[in-house]
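Below: one structure, written as structure tokens.
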Amino acid sequence: MSSAEPRTAGPDHLWSVDEHLEDVLTTVRPLEPIELQLLDAQGCVLVDDVTVPLSLPPFDNSSMDGYAVRVTDVSGASEEAPAVLEVVGDVAAGAAGLLRVGPGQAARIMTGAPLPPGAEAVVPVEWTDGGLGEGPVSAMRARSLAPEGADGHVRVYQPAEARAHVRAKGSDVEEGERALRAGTVLGPPQIALLAAIGRGTVLVRPRPRVVVMSTGSELVQPDEQLGDGQIYDSNSFALTAAARDAGAIAYRVGAVADDADTLRSTIEDQLVRADLLVTTGGVSVGAYDVVKEALSHVGDEDEPGAGVEFRKLAMQPGKPQGFGTVGADHVPLLALPGNPVSSYVSFELFVRPAIRTLMGLQDVHRPTVRATLAADRALSSPKGRRQFLRGAYADGVVRPVGGAGSHLVAALAQADSLIVVPEDTESVEPGAEVEVVLLG
């Protein structure tokens with residue numbers, strides 16, 4: 001799972017955002033490829049290029065319900081002087097042993113049916129009398145109701161050019177062409193293409209399994225009654241949803257009480273279904289920060305090289321962070337702070353790229369743009385810290401949403417971006433150009 005151990009430094013060292021992210025992405029490696037059935041591969045990343053083994057469509061076929069004809073036989077057709085053609089039979093989708101259309105003849109043809117030999121074009125049924133001799137029709141009658149429509153004669157009221165209403169063989173993609181590139185995330189259209197070229201299985205990197213757990217004896221699950229000093233657990237829901245949005249299969253674990261042994265036991269239980277573990281809360285310097293207590297010395301002689309290091313980062317919000325590996329398989333674990341905004345910003349900066357790396361994607365980061373700051377007053381930022389402020393972005397302009405507090409969940413719900421204030425900048429004036437991370 002991992003190929004490198006995080007670098008270490010003294011307890012007072014202030015790590016940069018980039019240093020911490022580099023350690024995370026150096027340690028996390030893409031999951032091993034597996035062969036999956038098509039529907040099971042949805043959301044997964046394609047490992048190899050896919051080459052088309054047969055052309056699509058595999059034969060010339062009709063794009064309309066109508067009549068397959070020779071161009072010369074209908075060249076002068078009009079309502080006053082329709083072309084009268086002998087109907088030699090039906091050509092339905094999936095038909096084999098095709099009829100041949102000779103001079104003065106036509107074959108009734110259905111959408112998707114192969115163009116019969118001798119035919120050069122298709123005239124829509126609306127341009128004909130449907131073989132019923134009663135003037136133009138709007139649709140074919142069902143064969144069971146009007147079997148005579150498949151033979152006899154049809155009147156055609158408009159001419160047709162060569163190849164009219166014919167889908168040419170290979171017009172979608174030709175045999176030997178590359179249909180999909182390695183690294184493509186398989187969505188419904190890609191699944192459809194694989195099925196269309198006869199692929200029942202495909203080699204992919206599986207969606208990573210991410211286990212999310214929040215810590216804190218004060219946390220209560222939604223729909224339960226709050227007691228004195230208690231709050232609802234929102235972080236585990238937010239981060240589980242964010243992990244799914246990033247492409248993972250995410251599992252939420254109910255809040256774990258402030259007890260180091262309970263947390264260690266819960267983590268051990270979850271390792272069987274985790275490619276990545278995410279905790280939130282308990283990573284600061286308080287007396288009840290049990291994540292640090294439980295995981296600071298998790299590596300032992302049975303798990304050489306495993307362990308979680310806790311750091312202070314030069315960022316706001318999200319200064320306290322933890323990262324390392326746990327268990328015999330060295331499952332990566334990211335320990336995020338407990339304040340809702342801090343945990344969510346930390347997820348976007350560190351966890352989401354880790355998930356996308358596990359998936360085998362090349363571009364693991366959210367897109368960034370430059371935007372003009374629209375604000376009532378200058379934005380202040382602590383010296384030496386990279387600040388991430390919630391923002392609302394539209395048409396090259398970004399507006400701050402809410403304050404800088406790391407507890408402001410309501411403001412976070414209104415944001416679709418993060419405004420980045422660099423470490424060496426203490427004030428940003430309205431109208432200045434800023435970097436914006438797009439979250440949507």
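Every chain in the structure tokens has a letter given in the order shown (A, B, ...), and although residue numbers restart at 1 in each chain, ligands are simply numbered from 1 in the order shown.
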Give me, as a tab-separated table, the closest atom pair and its distance (Å, one decimal) for every residue of stretch 282-378 of chain A within a cut-off of 7 Å of stretch 259-272 of chain A, counting only C-alpha atoms, rows sorted by chain and rising number.
```
residue	atom	partner	partner_atom	distance
A:Val290	CA	A:Ala260	CA	5.3
A:Val291	CA	A:Ala260	CA	6.9
A:Glu293	CA	A:Ala260	CA	6.2
A:Ala294	CA	A:Ala260	CA	4.7
```
Would you save the residues of that selection, restricted to N, CA, C and O atoms, as an mmCIF file, in the first residue's frame?
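See selection.cif below for the written result:
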```cif
data_model
loop_
_atom_site.group_PDB
_atom_site.id
_atom_site.type_symbol
_atom_site.label_atom_id
_atom_site.label_comp_id
_atom_site.auth_asym_id
_atom_site.auth_seq_id
_atom_site.Cartn_x
_atom_site.Cartn_y
_atom_site.Cartn_z
ATOM 1 N N VAL A 290 -7.700 12.058 22.073
ATOM 2 C CA VAL A 290 -7.369 10.634 22.169
ATOM 3 C C VAL A 290 -6.769 10.068 20.888
ATOM 4 O O VAL A 290 -6.137 9.004 20.924
ATOM 5 N N VAL A 291 -6.960 10.718 19.746
ATOM 6 C CA VAL A 291 -6.371 10.188 18.529
ATOM 7 C C VAL A 291 -4.844 10.214 18.647
ATOM 8 O O VAL A 291 -4.162 9.246 18.300
ATOM 9 N N GLU A 293 -3.189 10.212 21.434
ATOM 10 C CA GLU A 293 -2.828 9.248 22.471
ATOM 11 C C GLU A 293 -2.861 7.819 21.933
ATOM 12 O O GLU A 293 -1.980 7.006 22.217
ATOM 13 N N ALA A 294 -3.875 7.532 21.130
ATOM 14 C CA ALA A 294 -4.053 6.160 20.655
ATOM 15 C C ALA A 294 -3.083 5.794 19.546
ATOM 16 O O ALA A 294 -2.661 4.633 19.452
#
```
Checklist entry - Do you know which residues are at most 9 Å from stretch 208-225 of chain A counting only C-alpha atoms, after dropping those on the same chain fewer than 3 positions away, and could you put them as a ChimeraX atom specification? => result /A:31,205,229-237,239-240,243-244,247-259,263,267,270-271,273-282,288-291,338,355-356,358-359
Item to check | Members of stretch 4-70 of chain A assigned strand (DSSP E or B) by DSSP, as a VMD selection string | outcome: chain A and resid 14 to 15 28 34 to 37 45 to 46 50 to 51 56 61 to 62 66 to 69
Export of prior selection with N, CA and C atoms as a compact mmCIF listing (two decimals), in the first residue's frame:
```txt
# COMPACT_ATOMS: atom_id res chain seq x y z
N LEU A 14 7.15 23.61 12.13
CA LEU A 14 5.92 23.99 11.45
C LEU A 14 6.04 23.56 9.99
N TRP A 15 5.26 22.57 9.62
CA TRP A 15 5.32 22.02 8.27
C TRP A 15 4.50 22.88 7.31
N VAL A 28 1.17 7.10 -0.37
CA VAL A 28 0.01 6.43 -0.96
C VAL A 28 0.32 6.03 -2.39
N ILE A 34 -7.65 -4.94 -11.04
CA ILE A 34 -8.43 -6.16 -11.02
C ILE A 34 -9.38 -6.16 -12.22
N GLU A 35 -9.78 -7.35 -12.64
CA GLU A 35 -10.72 -7.50 -13.75
C GLU A 35 -12.13 -7.53 -13.17
N LEU A 36 -12.99 -6.62 -13.64
CA LEU A 36 -14.35 -6.53 -13.11
C LEU A 36 -15.37 -6.62 -14.23
N GLN A 37 -16.56 -7.11 -13.88
CA GLN A 37 -17.69 -7.03 -14.78
C GLN A 37 -18.01 -5.56 -15.03
N VAL A 45 -11.10 3.34 -12.59
CA VAL A 45 -10.18 3.92 -13.56
C VAL A 45 -9.61 2.83 -14.45
N LEU A 46 -9.72 3.05 -15.74
CA LEU A 46 -9.24 2.09 -16.74
C LEU A 46 -7.72 1.99 -16.70
N VAL A 50 -8.16 0.89 -24.58
CA VAL A 50 -9.08 -0.08 -25.17
C VAL A 50 -9.14 0.17 -26.67
N THR A 51 -8.80 -0.85 -27.45
CA THR A 51 -8.84 -0.78 -28.91
C THR A 51 -10.10 -1.48 -29.40
N LEU A 56 -18.05 0.28 -35.38
CA LEU A 56 -19.39 0.66 -34.91
C LEU A 56 -19.93 1.78 -35.79
N ASN A 61 -26.60 0.72 -41.85
CA ASN A 61 -27.95 0.47 -41.36
C ASN A 61 -28.82 1.71 -41.46
N SER A 62 -30.10 1.51 -41.38
CA SER A 62 -31.06 2.60 -41.56
C SER A 62 -31.22 3.40 -40.27
N GLY A 66 -38.67 3.20 -42.84
CA GLY A 66 -39.04 3.65 -44.18
C GLY A 66 -38.83 2.57 -45.21
N TYR A 67 -38.28 2.97 -46.39
CA TYR A 67 -38.07 2.04 -47.48
C TYR A 67 -36.66 2.20 -48.04
N ALA A 68 -35.99 1.08 -48.18
CA ALA A 68 -34.67 1.07 -48.81
C ALA A 68 -34.87 1.07 -50.32
N VAL A 69 -34.21 2.02 -51.00
CA VAL A 69 -34.46 2.22 -52.43
C VAL A 69 -33.16 2.45 -53.18
```
Next on the checklist: Under the rule that only C-alpha atoms are counted, which of A:Gly118, A:Pro382, A:Pro33, A:Pro53 is the nearest residue to A:Arg207?
Outcome noted: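 With only C-alpha atoms as the atom set, the closest residue is A:Pro33.
Between atom CA of A:Ala92 and atom CA of A:Ser78 there is a distance of 27.0 Å.
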Item to check | Distance of atom CA of A:Ala335 from atom CA of A:Ala314, expressed in Å to one decimal place | outcome: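 Interatomic distance, atom CA of A:Ala314 to atom CA of A:Ala335: 16.3 Å.
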Item to check | Test item: residues at most 10 Å from A:Lys312, only C-alpha atoms, excluding those fewer than 6 positions along its chain, as a list in words | outcome: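 Those residues are Pro11, Asp12, His13, Leu14, Trp15, Ser16, Val17, His20, Val283, Ser284, Gly318, Lys319, Pro320, Gln321 and Gly322 of chain A.
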With C-alpha atoms retained, write the just-selected residues as a PDB file, in the first residue's frame.
```pdb
ATOM      1  CA  PRO A  11       7.699  18.594  17.743  1.00  0.00           C
ATOM      2  CA  ASP A  12       7.882  22.365  17.259  1.00  0.00           C
ATOM      3  CA  HIS A  13       8.568  22.236  13.527  1.00  0.00           C
ATOM      4  CA  LEU A  14       5.919  23.991  11.448  1.00  0.00           C
ATOM      5  CA  TRP A  15       5.318  22.019   8.274  1.00  0.00           C
ATOM      6  CA  SER A  16       4.185  23.675   5.083  1.00  0.00           C
ATOM      7  CA  VAL A  17       1.027  22.541   3.295  1.00  0.00           C
ATOM      8  CA  HIS A  20       2.676  17.534   4.204  1.00  0.00           C
ATOM      9  CA  VAL A 283      -5.367  15.683  17.144  1.00  0.00           C
ATOM     10  CA  SER A 284      -4.648  18.930  18.993  1.00  0.00           C
ATOM     11  CA  GLY A 318      -6.327  22.953   9.951  1.00  0.00           C
ATOM     12  CA  LYS A 319      -3.063  23.486  11.803  1.00  0.00           C
ATOM     13  CA  PRO A 320      -3.026  20.121  13.650  1.00  0.00           C
ATOM     14  CA  GLN A 321      -2.722  17.106  11.326  1.00  0.00           C
ATOM     15  CA  GLY A 322      -1.727  13.475  11.612  1.00  0.00           C
TER      16      GLY A 322
END
```
